[in-house]
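Visitor: Dumping the structure here so I can ask a few things about it.
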Amino acid sequence: MPISLTRALGATVLGLGLITGTAHAADDTIKVGTMAGPESDVMQAAKQVAKEKYGLDVEIIEFTDYVTPNAALADGSLDANAYQHEPYLRAMMKDRGYDFAIAGKTFVYPIGAYSAKYDSIDDLPNGATIALPNDPTNEGRALILMHNKGLIKLDDPSNLEATPIDIVDNPHDYSFKEIEAAQMPRVLPDVDMAFINSTFTQPAGLTLDDALIKEGSESPYVNLIVVRDGHQNDKAVQELVKAYQSDAVEQKAEDMFKGGAVPGWK
């Protein structure tokens with residue numbers, strides 16, 4: 001799904017400043033990218049804390065895909081982004097040569113498998129069609145969860161980038177569709193089961209309690225505040241991290257995600 005130019009790259013409409021300029025965080029301002037929707041609402045709470053406690057102005061740029069925020073960070077359009085977990089970050093750095101660093105942790109957004117047709121994983125029929133996120137690591141994340149629940153067998157269940165070709169035993173003859181993560185709620189009525197990150201469940205009226213299977217709090221997929229390497233100790237970056245890792249932000253996430261966001265800094 002392409003990004004919304006009026007929201008994700010708002011400066012595009014106002015003189016192309018975001019795309020053609022290079023963001024440099026001053027001591028009192030920072031430009032951060034995040035996912036449109038509830039994650040952006042959580043960042044708004046951090047923005048308020050940052051302003052009130054540190055005098056830091058946080059400009060939030062919203063995106064609707066997983067690829068563009070890293071490209072924008074790499075080219076200097078952003079000072080930081082906050083949307084990805086470390087396995088995805090490492091895969092993108094390896095594949096695209098990004099020189100990024102982790103400035104701080106945000107939340108674990110557990111992935112779960114949802115169905116509009118079945119109330120229990122035991123009701124899922126043989127030959128069921130299952131939608132998987134098509135981005136690096138989240139697809140493997142879903143398949144590893146299925147492996148751990150005994151639904152399939154992977155040749156290497158520690159492979160965070162597993163795809164359906166790595167399934168060595170599929171006793172229920174499931175078929176798989178690889179779909180962009182943000183589109184999962186839309187395709188849910190058309191498949192038997194779909195793996196949806198909890199960042200996308202709230203806008204669709206779903207909670208983690210609705211999942212047929214789900215990750216627990218032990219998930220290693222904690223999301224991160226990421227910057228270009230060498231900027232992780234910048235004053236504005238450190239103040240953003242402290243503002244984000246605050247009680248007010250934790251409460252906002254609880255209000256938005258109803259237990260579907262677990263603080264990763266505690």
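To be explicit about the labels: the chains of the structure tokens are called A, B, and onward in the order shown, and within each one the residues are counted from 1, while ligands get numbers from 1 in the order they are shown.
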With a distance cut-off of 8 Å and only C-alpha atoms, select the neighbouring residues of A:Met35, excluding the residue or stretch itself and same-chain residues fewer than 3 positions from it, and output the selection as a list in words.
Guide: Pro38, Glu39, Ser40, Glu62, Phe63, Thr64, Asp65 and Tyr83 of chain A
Visitor: Set the distance at 7 Å and use only C-alpha atoms: which residues neighbour A:Gly127 once local chain neighbours fewer than 2 positions away are removed? I'd like the list as a list of chain:residue names.
Guide: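 So, after excluding close chain neighbours, the residues are A:Pro125, A:Thr129, A:His172, A:Asp173, A:Tyr174, A:Ser175.
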Visitor: Taking 2 positions as the minimum chain separation for residues in the same chain, which residues sit within 8 Å of stretch 109-123 of chain A when counting only C-alpha atoms? Answer as a ChimeraX atom specification.
Guide: /A:107,125,142,188-189,191-199,208,210-217,219,221-223,260-262
Visitor: Residues as selected, N, CA and C atoms, written as a PDB file, in the first residue's frame, can you do that?
Guide:
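part-v7.pdb, freshly written:
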ATOM      1  N   PHE A 107       7.196  -0.382  22.596  1.00  0.00           N
ATOM      2  CA  PHE A 107       6.282  -1.427  23.040  1.00  0.00           C
ATOM      3  C   PHE A 107       6.445  -2.702  22.219  1.00  0.00           C
ATOM      4  N   PRO A 125     -10.593 -25.427   9.306  1.00  0.00           N
ATOM      5  CA  PRO A 125     -10.682 -26.669   8.530  1.00  0.00           C
ATOM      6  C   PRO A 125      -9.387 -26.993   7.791  1.00  0.00           C
ATOM      7  N   ALA A 142       4.919 -14.994  12.181  1.00  0.00           N
ATOM      8  CA  ALA A 142       3.633 -15.702  12.133  1.00  0.00           C
ATOM      9  C   ALA A 142       3.831 -17.202  11.966  1.00  0.00           C
ATOM     10  N   LEU A 188      -9.446  -9.874   5.995  1.00  0.00           N
ATOM     11  CA  LEU A 188      -9.903 -10.858   6.978  1.00  0.00           C
ATOM     12  C   LEU A 188     -11.203 -11.549   6.569  1.00  0.00           C
ATOM     13  N   PRO A 189     -12.215 -10.840   6.045  1.00  0.00           N
ATOM     14  CA  PRO A 189     -13.447 -11.551   5.658  1.00  0.00           C
ATOM     15  C   PRO A 189     -13.262 -12.521   4.500  1.00  0.00           C
ATOM     16  N   VAL A 191     -10.542 -14.542   3.920  1.00  0.00           N
ATOM     17  CA  VAL A 191      -9.684 -15.688   4.217  1.00  0.00           C
ATOM     18  C   VAL A 191     -10.220 -16.381   5.462  1.00  0.00           C
ATOM     19  N   ASP A 192      -9.648 -17.521   5.772  1.00  0.00           N
ATOM     20  CA  ASP A 192     -10.092 -18.247   6.961  1.00  0.00           C
ATOM     21  C   ASP A 192      -9.415 -17.741   8.230  1.00  0.00           C
ATOM     22  N   MET A 193      -8.193 -17.254   8.082  1.00  0.00           N
ATOM     23  CA  MET A 193      -7.468 -16.730   9.231  1.00  0.00           C
ATOM     24  C   MET A 193      -6.400 -15.772   8.729  1.00  0.00           C
ATOM     25  N   ALA A 194      -6.141 -14.717   9.489  1.00  0.00           N
ATOM     26  CA  ALA A 194      -5.124 -13.738   9.097  1.00  0.00           C
ATOM     27  C   ALA A 194      -4.308 -13.349  10.321  1.00  0.00           C
ATOM     28  N   PHE A 195      -3.003 -13.221  10.130  1.00  0.00           N
ATOM     29  CA  PHE A 195      -2.116 -12.771  11.194  1.00  0.00           C
ATOM     30  C   PHE A 195      -2.018 -11.250  11.132  1.00  0.00           C
ATOM     31  N   ILE A 196      -2.398 -10.600  12.241  1.00  0.00           N
ATOM     32  CA  ILE A 196      -2.475  -9.145  12.267  1.00  0.00           C
ATOM     33  C   ILE A 196      -1.689  -8.636  13.469  1.00  0.00           C
ATOM     34  N   ASN A 197      -0.779  -7.695  13.210  1.00  0.00           N
ATOM     35  CA  ASN A 197      -0.078  -7.033  14.301  1.00  0.00           C
ATOM     36  C   ASN A 197      -1.073  -6.200  15.095  1.00  0.00           C
ATOM     37  N   SER A 198      -0.892  -6.139  16.400  1.00  0.00           N
ATOM     38  CA  SER A 198      -1.881  -5.447  17.228  1.00  0.00           C
ATOM     39  C   SER A 198      -1.933  -3.955  16.939  1.00  0.00           C
ATOM     40  N   THR A 199      -0.903  -3.421  16.284  1.00  0.00           N
ATOM     41  CA  THR A 199      -0.974  -2.013  15.886  1.00  0.00           C
ATOM     42  C   THR A 199      -2.078  -1.770  14.869  1.00  0.00           C
ATOM     43  N   LEU A 208      -6.596  -8.124  21.253  1.00  0.00           N
ATOM     44  CA  LEU A 208      -5.800  -9.346  21.337  1.00  0.00           C
ATOM     45  C   LEU A 208      -6.621 -10.502  21.897  1.00  0.00           C
ATOM     46  N   ASP A 210      -9.438 -11.344  20.948  1.00  0.00           N
ATOM     47  CA  ASP A 210     -10.159 -11.965  19.834  1.00  0.00           C
ATOM     48  C   ASP A 210      -9.304 -12.959  19.059  1.00  0.00           C
ATOM     49  N   ALA A 211      -8.001 -12.962  19.295  1.00  0.00           N
ATOM     50  CA  ALA A 211      -7.089 -13.801  18.508  1.00  0.00           C
ATOM     51  C   ALA A 211      -7.293 -15.276  18.830  1.00  0.00           C
ATOM     52  N   LEU A 212      -7.232 -16.104  17.792  1.00  0.00           N
ATOM     53  CA  LEU A 212      -7.312 -17.555  17.981  1.00  0.00           C
ATOM     54  C   LEU A 212      -6.016 -18.083  18.582  1.00  0.00           C
ATOM     55  N   ILE A 213      -4.894 -17.536  18.146  1.00  0.00           N
ATOM     56  CA  ILE A 213      -3.595 -17.803  18.764  1.00  0.00           C
ATOM     57  C   ILE A 213      -2.835 -16.493  18.785  1.00  0.00           C
ATOM     58  N   LYS A 214      -1.922 -16.328  19.726  1.00  0.00           N
ATOM     59  CA  LYS A 214      -1.231 -15.049  19.861  1.00  0.00           C
ATOM     60  C   LYS A 214       0.085 -15.246  20.590  1.00  0.00           C
ATOM     61  N   GLU A 215       0.978 -14.286  20.382  1.00  0.00           N
ATOM     62  CA  GLU A 215       2.224 -14.237  21.128  1.00  0.00           C
ATOM     63  C   GLU A 215       1.949 -13.851  22.570  1.00  0.00           C
ATOM     64  N   GLY A 216       2.835 -14.274  23.438  1.00  0.00           N
ATOM     65  CA  GLY A 216       2.748 -13.871  24.829  1.00  0.00           C
ATOM     66  C   GLY A 216       3.661 -12.698  25.114  1.00  0.00           C
ATOM     67  N   SER A 217       3.711 -12.310  26.364  1.00  0.00           N
ATOM     68  CA  SER A 217       4.522 -11.163  26.767  1.00  0.00           C
ATOM     69  C   SER A 217       6.019 -11.428  26.630  1.00  0.00           C
ATOM     70  N   SER A 219       7.469 -12.225  23.983  1.00  0.00           N
ATOM     71  CA  SER A 219       7.872 -11.949  22.602  1.00  0.00           C
ATOM     72  C   SER A 219       9.127 -11.081  22.547  1.00  0.00           C
ATOM     73  N   TYR A 221       9.915  -9.285  20.088  1.00  0.00           N
ATOM     74  CA  TYR A 221       9.723  -8.291  19.029  1.00  0.00           C
ATOM     75  C   TYR A 221       9.322  -6.928  19.592  1.00  0.00           C
ATOM     76  N   VAL A 222      10.158  -6.373  20.440  1.00  0.00           N
ATOM     77  CA  VAL A 222       9.878  -5.054  20.990  1.00  0.00           C
ATOM     78  C   VAL A 222      10.196  -3.989  19.943  1.00  0.00           C
ATOM     79  N   ASN A 223       9.303  -3.015  19.780  1.00  0.00           N
ATOM     80  CA  ASN A 223       9.534  -1.942  18.836  1.00  0.00           C
ATOM     81  C   ASN A 223      10.548  -0.944  19.385  1.00  0.00           C
ATOM     82  N   GLY A 260      -2.955  -4.772  24.299  1.00  0.00           N
ATOM     83  CA  GLY A 260      -2.219  -5.213  23.124  1.00  0.00           C
ATOM     84  C   GLY A 260      -0.900  -4.502  22.927  1.00  0.00           C
ATOM     85  N   ALA A 261      -0.472  -3.719  23.911  1.00  0.00           N
ATOM     86  CA  ALA A 261       0.840  -3.062  23.855  1.00  0.00           C
ATOM     87  C   ALA A 261       1.527  -3.260  25.191  1.00  0.00           C
ATOM     88  N   VAL A 262       2.678  -3.929  25.174  1.00  0.00           N
ATOM     89  CA  VAL A 262       3.408  -4.258  26.387  1.00  0.00           C
ATOM     90  C   VAL A 262       4.658  -3.399  26.452  1.00  0.00           C
TER      91      VAL A 262
END
Visitor: Based on DSSP run over this structure's backbone, return all residues of stretch 12-186 of chain A in strand (DSSP E), as a VMD selection string.
Guide: chain A and resid 29 to 35 57 to 63 80 to 85 100 to 108 111 to 114 129 to 133 153 to 154 167 to 169 175 to 179
Visitor: What are the DSSP alpha helix (DSSP H) residues of stretch 184-243 of chain A, as a ChimeraX atom specification?
Guide: /A:184-187,198-201,235-243
Visitor: If we count only C-alpha atoms, what is near A:Pro133 at a cut-off of 7 Å, once residues fewer than 3 positions away on the same chain are taken out, given as a PyMOL selection string?
Guide: chain A and resi 138-139+178-181+195
Visitor: Produce a file of the selected residues containing N, CA, C and O atoms, as a tab-separated table (two decimals), in the first residue's frame.
Guide:
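Here's the written file result_34.tsv:
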chain	number	residue	atom	x	y	z
A	138	ASN	N	8.13	-10.40	9.95
A	138	ASN	CA	6.76	-10.59	10.45
A	138	ASN	C	6.11	-11.83	9.84
A	138	ASN	O	5.31	-12.49	10.49
A	139	GLU	N	6.47	-12.16	8.61
A	139	GLU	CA	5.98	-13.41	8.04
A	139	GLU	C	6.57	-14.58	8.80
A	139	GLU	O	5.85	-15.53	9.18
A	178	GLU	N	0.30	-14.07	0.95
A	178	GLU	CA	1.20	-13.08	1.53
A	178	GLU	C	0.65	-11.69	1.21
A	178	GLU	O	0.56	-11.30	0.04
A	179	ILE	N	0.29	-10.95	2.28
A	179	ILE	CA	-0.41	-9.67	2.14
A	179	ILE	C	0.33	-8.61	2.95
A	179	ILE	O	0.90	-8.90	4.00
A	180	GLU	N	0.32	-7.37	2.49
A	180	GLU	CA	0.92	-6.29	3.26
A	180	GLU	C	0.22	-6.17	4.61
A	180	GLU	O	-1.01	-6.26	4.70
A	181	ALA	N	1.01	-5.97	5.65
A	181	ALA	CA	0.48	-6.01	7.02
A	181	ALA	C	-0.69	-5.06	7.23
A	181	ALA	O	-1.68	-5.41	7.89
A	195	PHE	N	-3.00	-13.22	10.13
A	195	PHE	CA	-2.12	-12.77	11.19
A	195	PHE	C	-2.02	-11.25	11.13
A	195	PHE	O	-1.61	-10.69	10.12
Visitor: Distance atom CA of A:Tyr54-atom CA of A:Tyr66, one decimal place?
Guide: 29.5 Å
Visitor: What lies within 6 Å of stretch 154-168 of chain A using only C-alpha atoms, ignoring chain neighbours under 2 positions off, as a list in words?
Guide: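 Using only C-alpha atoms, the neighbours found are Pro136, Thr137, Gly140 and Ile144 of chain A.
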Visitor: Could you save those same residues with N, CA, C and O atoms as an mmCIF file, in the first residue's frame?
Guide:
data_model
loop_
_atom_site.group_PDB
_atom_site.id
_atom_site.type_symbol
_atom_site.label_atom_id
_atom_site.label_comp_id
_atom_site.auth_asym_id
_atom_site.auth_seq_id
_atom_site.Cartn_x
_atom_site.Cartn_y
_atom_site.Cartn_z
ATOM 1 N N PRO A 136 9.587 -8.678 5.712
ATOM 2 C CA PRO A 136 10.606 -9.498 6.360
ATOM 3 C C PRO A 136 10.386 -9.601 7.864
ATOM 4 O O PRO A 136 10.022 -8.639 8.519
ATOM 5 N N THR A 137 10.583 -10.765 8.387
ATOM 6 C CA THR A 137 10.488 -11.139 9.810
ATOM 7 C C THR A 137 9.065 -11.290 10.309
ATOM 8 O O THR A 137 8.801 -12.220 11.049
ATOM 9 N N GLY A 140 7.880 -14.523 9.039
ATOM 10 C CA GLY A 140 8.507 -15.584 9.826
ATOM 11 C C GLY A 140 7.949 -15.646 11.232
ATOM 12 O O GLY A 140 7.776 -16.726 11.804
ATOM 13 N N ILE A 144 6.464 -18.987 12.763
ATOM 14 C CA ILE A 144 7.044 -19.556 13.979
ATOM 15 C C ILE A 144 5.954 -19.775 15.029
ATOM 16 O O ILE A 144 5.947 -20.787 15.742
#
Visitor: Could you check how far atom CA of A:Lys53 sits from atom CA of A:Glu254, in Å to one decimal?
Guide: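 Between atom CA of A:Lys53 and atom CA of A:Glu254 the gap is 21.6 Å.
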Visitor: Write out as a list in words each polymer residue whose atoms come within 7 Å of stretch 245-251 of chain A, counting only C-alpha atoms; drop sequence neighbours fewer than 3 positions from it.
Guide: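 So the residues in contact are Val42, Ala45, Ala46, Thr106, Val241, Lys242, Glu254, Asp255 and Pro263 of chain A.
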Visitor: Go through A:Met43, A:Ala82, A:Leu151, A:Ala182 one by one, measure the shortest atom-to-atom distance of each to A:Ala101 using only C-alpha atoms, and give the residue with the smallest value.
Guide: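 With only C-alpha atoms as the atom set, the closest residue is A:Ala82.
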Visitor: Just the residues within 12 Å of A:Ala80, please, counting only C-alpha atoms, with nothing from its chain fewer than 5 positions along; format it as a PDB file with C-alpha atoms, in the first residue's frame.
Guide:
ATOM      1  CA  ALA A  23      16.289  17.023   8.743  1.00  0.00           C
ATOM      2  CA  HIS A  24      18.808  17.877  11.424  1.00  0.00           C
ATOM      3  CA  ALA A  25      17.531  17.690  14.985  1.00  0.00           C
ATOM      4  CA  THR A  29      13.063  20.067  17.910  1.00  0.00           C
ATOM      5  CA  ILE A  30      12.921  16.590  16.368  1.00  0.00           C
ATOM      6  CA  LYS A  31      11.079  15.042  13.430  1.00  0.00           C
ATOM      7  CA  VAL A  32       9.925  11.450  14.000  1.00  0.00           C
ATOM      8  CA  GLY A  33       8.127   9.014  11.733  1.00  0.00           C
ATOM      9  CA  THR A  34       5.552   6.496  12.915  1.00  0.00           C
ATOM     10  CA  VAL A  58       8.209  16.817  18.277  1.00  0.00           C
ATOM     11  CA  GLU A  59       6.963  16.844  14.684  1.00  0.00           C
ATOM     12  CA  ILE A  60       5.186  13.577  13.864  1.00  0.00           C
ATOM     13  CA  ILE A  61       5.192  12.293  10.274  1.00  0.00           C
ATOM     14  CA  PRO A  69      10.024   5.331   7.219  1.00  0.00           C
ATOM     15  CA  ASN A  70      13.484   3.793   7.031  1.00  0.00           C
ATOM     16  CA  ALA A  71      14.143   5.310   3.617  1.00  0.00           C
ATOM     17  CA  ALA A  72      13.090   8.709   4.988  1.00  0.00           C
ATOM     18  CA  LEU A  73      15.373   8.281   7.992  1.00  0.00           C
ATOM     19  CA  ALA A  74      18.286   7.262   5.804  1.00  0.00           C
ATOM     20  CA  ASP A  75      17.942  10.247   3.462  1.00  0.00           C
ATOM     21  CA  PHE A 100      21.127   3.005  11.869  1.00  0.00           C
ATOM     22  CA  ALA A 101      21.283   2.726  15.638  1.00  0.00           C
ATOM     23  CA  ILE A 102      18.783   1.923  18.373  1.00  0.00           C
ATOM     24  CA  ALA A 103      18.072   4.888  20.652  1.00  0.00           C
ATOM     25  CA  GLY A 104      15.420   3.271  22.856  1.00  0.00           C
ATOM     26  CA  LEU A 224      12.285   0.649  18.808  1.00  0.00           C
ATOM     27  CA  ILE A 225      13.126   4.304  18.418  1.00  0.00           C
ATOM     28  CA  VAL A 226      15.713   4.270  15.626  1.00  0.00           C
ATOM     29  CA  VAL A 227      18.079   7.010  14.451  1.00  0.00           C
ATOM     30  CA  ARG A 228      21.011   7.336  12.088  1.00  0.00           C
ATOM     31  CA  ASP A 229      24.128   5.958  13.725  1.00  0.00           C
ATOM     32  CA  HIS A 231      22.856  10.471  16.709  1.00  0.00           C
ATOM     33  CA  GLN A 232      21.585   8.132  19.432  1.00  0.00           C
ATOM     34  CA  ASP A 234      21.812  13.655  20.737  1.00  0.00           C
ATOM     35  CA  ALA A 236      16.737  15.814  21.410  1.00  0.00           C
ATOM     36  CA  VAL A 237      16.844  12.071  20.772  1.00  0.00           C
ATOM     37  CA  GLN A 238      17.441  11.251  24.427  1.00  0.00           C
ATOM     38  CA  LEU A 240      12.288  11.903  22.982  1.00  0.00           C
ATOM     39  CA  VAL A 241      13.162   8.488  24.418  1.00  0.00           C
TER      40      VAL A 241
END
